[in-house]
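S.K.: To start, I am sharing the structure in question, which I have written as structure tokens.
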Amino acid sequence: MQFHVNGTLVPAEEATVNVRDRGFMYGDAAFETLRAYDGTVFEWDAHAERLDKTCEVLSLDHGISDDDLRSRIRETLTANDLRDAYVKCSITRGVQPGKLTPGPADDPTVVVIVAELPRGGTGGESVWNDPATVEVVKTRRVPSKALPAHAKTHNYLNGILARLETEADEALMLDSAGTVTEGATSNLFFVREGVLHTPSLSGPILPGITRSVVLELADEDGIPTRIGRYTPADVRDADEVFMTNTTWEVRPVGCLDDIAFEVGPITRELATAFDALVEARHY
Ligand code: PMP
């Protein structure tokens, strides 16, 4: 494998960053996880915009254009002869003198790594085998007043602590008031009496790109949707539950704590619509 490090393709074993890099030392970095279908990145504009917003939160003015970043992703895919892939793109504030206060990002570290994934779309294969097992965990989401949830930074300790609590596939996290937020790396949806529900972004929730695509697909299909504030009991009472993220796409939830769920018709409809969209756009 070859990865892209600071403008150069290097063998994966030689793809390293400085031990004084602020991304390593403090998690002072922004990243995006993307998915390429048949050689092009899904929803590039949305990912580029979210990355820009993360960098804005961090005041990380790295000077790399969206087009430059996209070319680096393309070059990495081509170098590895990959058309269907996981892509992770990171920008750190680089190496700076040893103090916490950041200086200008004159020499940011820019890394693109890729890994093979199965084909997506209508004739595709999901990256998961079974519906997800999910457990509500004790670790609460960091309030956005402490760390803005819409910033996708290298500091994922909140989600890591949540995952350490459970052997389930995903940890469902609550905010400090006990309201349902999201998974450690996924957004939550549930269906009750034919209505699709998802927690509002007014809570400490990453605005998932898959979440937003699924909401659009639901709208196109005339599925009634509510965005709100929910308790774990609301989710337990649901007829269907699913989680979304870039790699999983739409993943049904098979159980939440000790409650089992069937893969329901609205989950199926949205997963099919998602595949059809990917097929139409990419293959
Ligand atoms: N929430 C969190 C905390 C995440 O890390 C992710 C994965 N990026 C998501 C939600 C889902 O976002 P997306 O659909 O953009 O992958």
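Letters for chains follow the order of the structure tokens (A, B, ...), residue numbers begin at 1 for each chain, and ligand numbers begin at 1 in the order shown.
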Grab me every residue within 7 Å of ligand 1, counting only C-alpha atoms and all ligand atoms, and send it over as a PyMOL selection string.
M.R.: chain A and resi 32-33+182-187+205-211+244-247
S.K.: How would you write, as a PyMOL selection string, the set of residues in segment 14-76 of chain A that DSSP gives as alpha helix (DSSP H)?
M.R.: chain A and resi 22-26+44-57+66-76
S.K.: I want to know what sits within 8 Å of segment 237-242 of chain A, based on only C-alpha atoms, with residues of the same chain fewer than 6 positions away left out; could you give that as an MDAnalysis selection string?
M.R.: chainID A and resid 188:193 250:254 261:264 266:267
S.K.: For the residues selected in the previous step, produce a file with N, CA and C atoms as a CSV table (one decimal), in the first residue's frame.
M.R.:
chain,number,residue,atom,x,y,z
A,188,LEU,N,-27.9,8.0,14.9
A,188,LEU,CA,-29.0,7.1,15.3
A,188,LEU,C,-30.3,7.5,14.6
A,189,PHE,N,-31.0,6.5,14.1
A,189,PHE,CA,-32.4,6.8,13.6
A,189,PHE,C,-33.3,5.7,14.2
A,190,PHE,N,-34.6,6.0,14.4
A,190,PHE,CA,-35.5,5.0,14.8
A,190,PHE,C,-36.9,5.3,14.2
A,191,VAL,N,-37.7,4.2,14.0
A,191,VAL,CA,-39.0,4.4,13.4
A,191,VAL,C,-40.0,4.0,14.4
A,192,ARG,N,-41.1,4.8,14.6
A,192,ARG,CA,-42.2,4.5,15.5
A,192,ARG,C,-43.5,4.9,14.8
A,193,GLU,N,-44.3,3.9,14.6
A,193,GLU,CA,-45.6,4.1,14.0
A,193,GLU,C,-45.5,4.8,12.6
A,250,VAL,N,-26.3,2.4,5.8
A,250,VAL,CA,-27.4,2.2,6.7
A,250,VAL,C,-27.3,0.9,7.3
A,251,ARG,N,-27.1,0.8,8.6
A,251,ARG,CA,-26.9,-0.5,9.3
A,251,ARG,C,-28.0,-0.7,10.3
A,252,PRO,N,-28.9,-1.7,10.1
A,252,PRO,CA,-30.0,-2.0,11.0
A,252,PRO,C,-29.4,-2.3,12.4
A,253,VAL,N,-30.2,-2.0,13.4
A,253,VAL,CA,-29.8,-2.4,14.8
A,253,VAL,C,-30.6,-3.6,15.2
A,254,GLY,N,-29.9,-4.7,15.6
A,254,GLY,CA,-30.6,-5.9,15.9
A,254,GLY,C,-31.0,-5.9,17.4
A,261,PHE,N,-34.7,-6.1,17.9
A,261,PHE,CA,-35.5,-5.4,16.8
A,261,PHE,C,-35.4,-6.2,15.6
A,262,GLU,N,-36.5,-6.3,14.8
A,262,GLU,CA,-36.4,-6.9,13.5
A,262,GLU,C,-35.9,-5.8,12.5
A,263,VAL,N,-35.4,-6.2,11.4
A,263,VAL,CA,-35.0,-5.2,10.3
A,263,VAL,C,-36.3,-4.9,9.7
A,264,GLY,N,-36.8,-3.7,9.8
A,264,GLY,CA,-38.1,-3.3,9.4
A,264,GLY,C,-38.2,-2.7,8.0
A,266,ILE,N,-39.1,0.3,6.8
A,266,ILE,CA,-38.5,1.6,6.5
A,266,ILE,C,-37.0,1.6,6.4
A,267,THR,N,-36.4,0.8,7.3
A,267,THR,CA,-34.9,0.6,7.2
A,267,THR,C,-34.5,0.0,5.9
S.K.: Residues within 10 Å of Ser202 of chain A, please, as a ChimeraX atom specification. Count only C-alpha atoms; anything in the same chain fewer than 6 positions from it doesn't count.
M.R.: /A:144,149,181,227-229
S.K.: How would the residues just picked look written out with C-alpha atoms as a CSV table (one decimal), in the first residue's frame?
M.R.:
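Listing of selection29.csv after writing:
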chain,number,residue,atom,x,y,z
A,144,SER,CA,-20.6,21.3,22.8
A,149,ALA,CA,-19.5,18.3,18.4
A,181,THR,CA,-27.2,11.7,21.1
A,227,ILE,CA,-36.1,15.6,14.4
A,228,GLY,CA,-36.2,15.9,18.1
A,229,ARG,CA,-34.9,15.2,21.6
S.K.: Give me, please, the distance in Å between atom CA of Ala233 of chain A and atom CA of Gly159 of chain A, quoted to one decimal.
M.R.: 21.7 Å
S.K.: Taking 3 positions as the minimum chain separation for residues in the same chain, which residues sit within 8 Å of Thr92 of chain A when counting only C-alpha atoms? Answer as a PyMOL selection string.
M.R.: chain A and resi 21-23+28-30+108-110
S.K.: Output C-alpha atoms for every residue in that selection, as a PDB file, in the first residue's frame.
M.R.:
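To be explicit, this is the file written out as again_20.pdb:
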ATOM      1  CA  ASP A  21       3.481  16.583  15.681  1.00  0.00           C
ATOM      2  CA  ARG A  22       0.605  18.321  17.504  1.00  0.00           C
ATOM      3  CA  GLY A  23      -1.835  15.845  16.000  1.00  0.00           C
ATOM      4  CA  ASP A  28      -4.698  18.992  17.454  1.00  0.00           C
ATOM      5  CA  ALA A  29      -5.892  17.949  14.010  1.00  0.00           C
ATOM      6  CA  ALA A  30      -8.927  17.664  11.772  1.00  0.00           C
ATOM      7  CA  PRO A 108       0.693  21.376   8.506  1.00  0.00           C
ATOM      8  CA  THR A 109       0.914  17.607   8.278  1.00  0.00           C
ATOM      9  CA  VAL A 110      -1.419  16.277   5.607  1.00  0.00           C
TER      10      VAL A 110
END
S.K.: Pick the closest to Asp45 of chain A from A:Leu69, A:Leu117, A:Ala79, A:Leu217: which is it, counting only C-alpha atoms?
M.R.: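 Ranking A:Leu69, A:Leu117, A:Ala79, A:Leu217 by distance to Asp45 of chain A, first place goes to A:Leu69.
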S.K.: Name the closest residue to Arg72 of chain A among the candidates A:Val41, A:Ala105, A:Val111, A:Cys255; distances are taken between atoms, counting only C-alpha atoms.
M.R.: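 Looking at the shortest contact to Arg72 of chain A, the residue is A:Val111.
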S.K.: Quick one: everything within 7 Å of Ile113 of chain A, counting only C-alpha atoms, minus sequence neighbours fewer than 4 positions away in the same chain. Send it as a list in words.
M.R.: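 Counting only the stated atoms, we get Phe3, His4, Val87, Lys88 and Cys89 of chain A.
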S.K.: Give me, as a PyMOL selection string, all polymer residues having an atom no more than 12 Å from Glu279 of chain A, counting only C-alpha atoms and skipping those fewer than 4 positions away in the same chain.
M.R.: chain A and resi 37-38+42+119-124+272-275+283
S.K.: Only N, CA, C and O atoms, please: the residues just picked out, written as a PDB file, in the first residue's frame.
M.R.:
ATOM      1  N   TYR A  37     -16.488   5.200  -4.194  1.00  0.00           N
ATOM      2  CA  TYR A  37     -17.220   4.177  -4.939  1.00  0.00           C
ATOM      3  C   TYR A  37     -16.789   4.291  -6.392  1.00  0.00           C
ATOM      4  O   TYR A  37     -16.901   5.364  -6.992  1.00  0.00           O
ATOM      5  N   ASP A  38     -16.287   3.218  -6.927  1.00  0.00           N
ATOM      6  CA  ASP A  38     -15.802   3.189  -8.309  1.00  0.00           C
ATOM      7  C   ASP A  38     -14.887   4.381  -8.635  1.00  0.00           C
ATOM      8  O   ASP A  38     -15.011   5.010  -9.686  1.00  0.00           O
ATOM      9  N   PHE A  42     -17.746   9.740  -2.404  1.00  0.00           N
ATOM     10  CA  PHE A  42     -19.161  10.036  -2.191  1.00  0.00           C
ATOM     11  C   PHE A  42     -19.287  11.348  -1.417  1.00  0.00           C
ATOM     12  O   PHE A  42     -18.592  11.546  -0.423  1.00  0.00           O
ATOM     13  N   ARG A 119     -17.471  -3.397  -3.189  1.00  0.00           N
ATOM     14  CA  ARG A 119     -18.271  -2.540  -4.055  1.00  0.00           C
ATOM     15  C   ARG A 119     -19.514  -2.097  -3.292  1.00  0.00           C
ATOM     16  O   ARG A 119     -20.096  -2.849  -2.500  1.00  0.00           O
ATOM     17  N   GLY A 120     -19.926  -0.847  -3.526  1.00  0.00           N
ATOM     18  CA  GLY A 120     -21.188  -0.377  -2.943  1.00  0.00           C
ATOM     19  C   GLY A 120     -22.286  -0.409  -3.992  1.00  0.00           C
ATOM     20  O   GLY A 120     -22.154  -1.077  -5.023  1.00  0.00           O
ATOM     21  N   GLY A 121     -23.358   0.322  -3.736  1.00  0.00           N
ATOM     22  CA  GLY A 121     -24.444   0.436  -4.708  1.00  0.00           C
ATOM     23  C   GLY A 121     -25.348  -0.787  -4.734  1.00  0.00           C
ATOM     24  O   GLY A 121     -25.265  -1.659  -3.860  1.00  0.00           O
ATOM     25  N   THR A 122     -26.166  -0.855  -5.778  1.00  0.00           N
ATOM     26  CA  THR A 122     -27.209  -1.881  -5.854  1.00  0.00           C
ATOM     27  C   THR A 122     -26.638  -3.298  -5.909  1.00  0.00           C
ATOM     28  O   THR A 122     -27.152  -4.205  -5.271  1.00  0.00           O
ATOM     29  N   GLY A 123     -25.558  -3.480  -6.652  1.00  0.00           N
ATOM     30  CA  GLY A 123     -24.973  -4.811  -6.730  1.00  0.00           C
ATOM     31  C   GLY A 123     -23.910  -5.021  -5.668  1.00  0.00           C
ATOM     32  O   GLY A 123     -23.089  -5.931  -5.773  1.00  0.00           O
ATOM     33  N   GLY A 124     -23.910  -4.163  -4.668  1.00  0.00           N
ATOM     34  CA  GLY A 124     -22.802  -4.150  -3.712  1.00  0.00           C
ATOM     35  C   GLY A 124     -22.969  -5.114  -2.542  1.00  0.00           C
ATOM     36  O   GLY A 124     -23.929  -5.867  -2.467  1.00  0.00           O
ATOM     37  N   THR A 272     -32.140   0.522   0.587  1.00  0.00           N
ATOM     38  CA  THR A 272     -32.251   0.289  -0.862  1.00  0.00           C
ATOM     39  C   THR A 272     -32.116   1.609  -1.619  1.00  0.00           C
ATOM     40  O   THR A 272     -31.431   1.684  -2.646  1.00  0.00           O
ATOM     41  N   ALA A 273     -32.769   2.647  -1.105  1.00  0.00           N
ATOM     42  CA  ALA A 273     -32.689   3.965  -1.754  1.00  0.00           C
ATOM     43  C   ALA A 273     -31.251   4.492  -1.709  1.00  0.00           C
ATOM     44  O   ALA A 273     -30.767   5.105  -2.665  1.00  0.00           O
ATOM     45  N   PHE A 274     -30.554   4.236  -0.612  1.00  0.00           N
ATOM     46  CA  PHE A 274     -29.165   4.673  -0.483  1.00  0.00           C
ATOM     47  C   PHE A 274     -28.300   3.968  -1.541  1.00  0.00           C
ATOM     48  O   PHE A 274     -27.518   4.599  -2.253  1.00  0.00           O
ATOM     49  N   ASP A 275     -28.474   2.648  -1.637  1.00  0.00           N
ATOM     50  CA  ASP A 275     -27.718   1.873  -2.638  1.00  0.00           C
ATOM     51  C   ASP A 275     -28.021   2.374  -4.055  1.00  0.00           C
ATOM     52  O   ASP A 275     -27.111   2.483  -4.884  1.00  0.00           O
ATOM     53  N   TYR A 283     -21.656   4.235 -10.414  1.00  0.00           N
ATOM     54  CA  TYR A 283     -21.294   3.037 -11.200  1.00  0.00           C
ATOM     55  C   TYR A 283     -21.858   3.104 -12.621  1.00  0.00           C
ATOM     56  O   TYR A 283     -22.704   3.907 -12.922  1.00  0.00           O
TER      57      TYR A 283
END
S.K.: Let's see if you can do this: from backbone DSSP, list all strand (DSSP E) residues in segment 99-209 of chain A, as a ChimeraX atom specification.
M.R.: /A:109-116,132-136,170-174,180-183,187-192,195-199
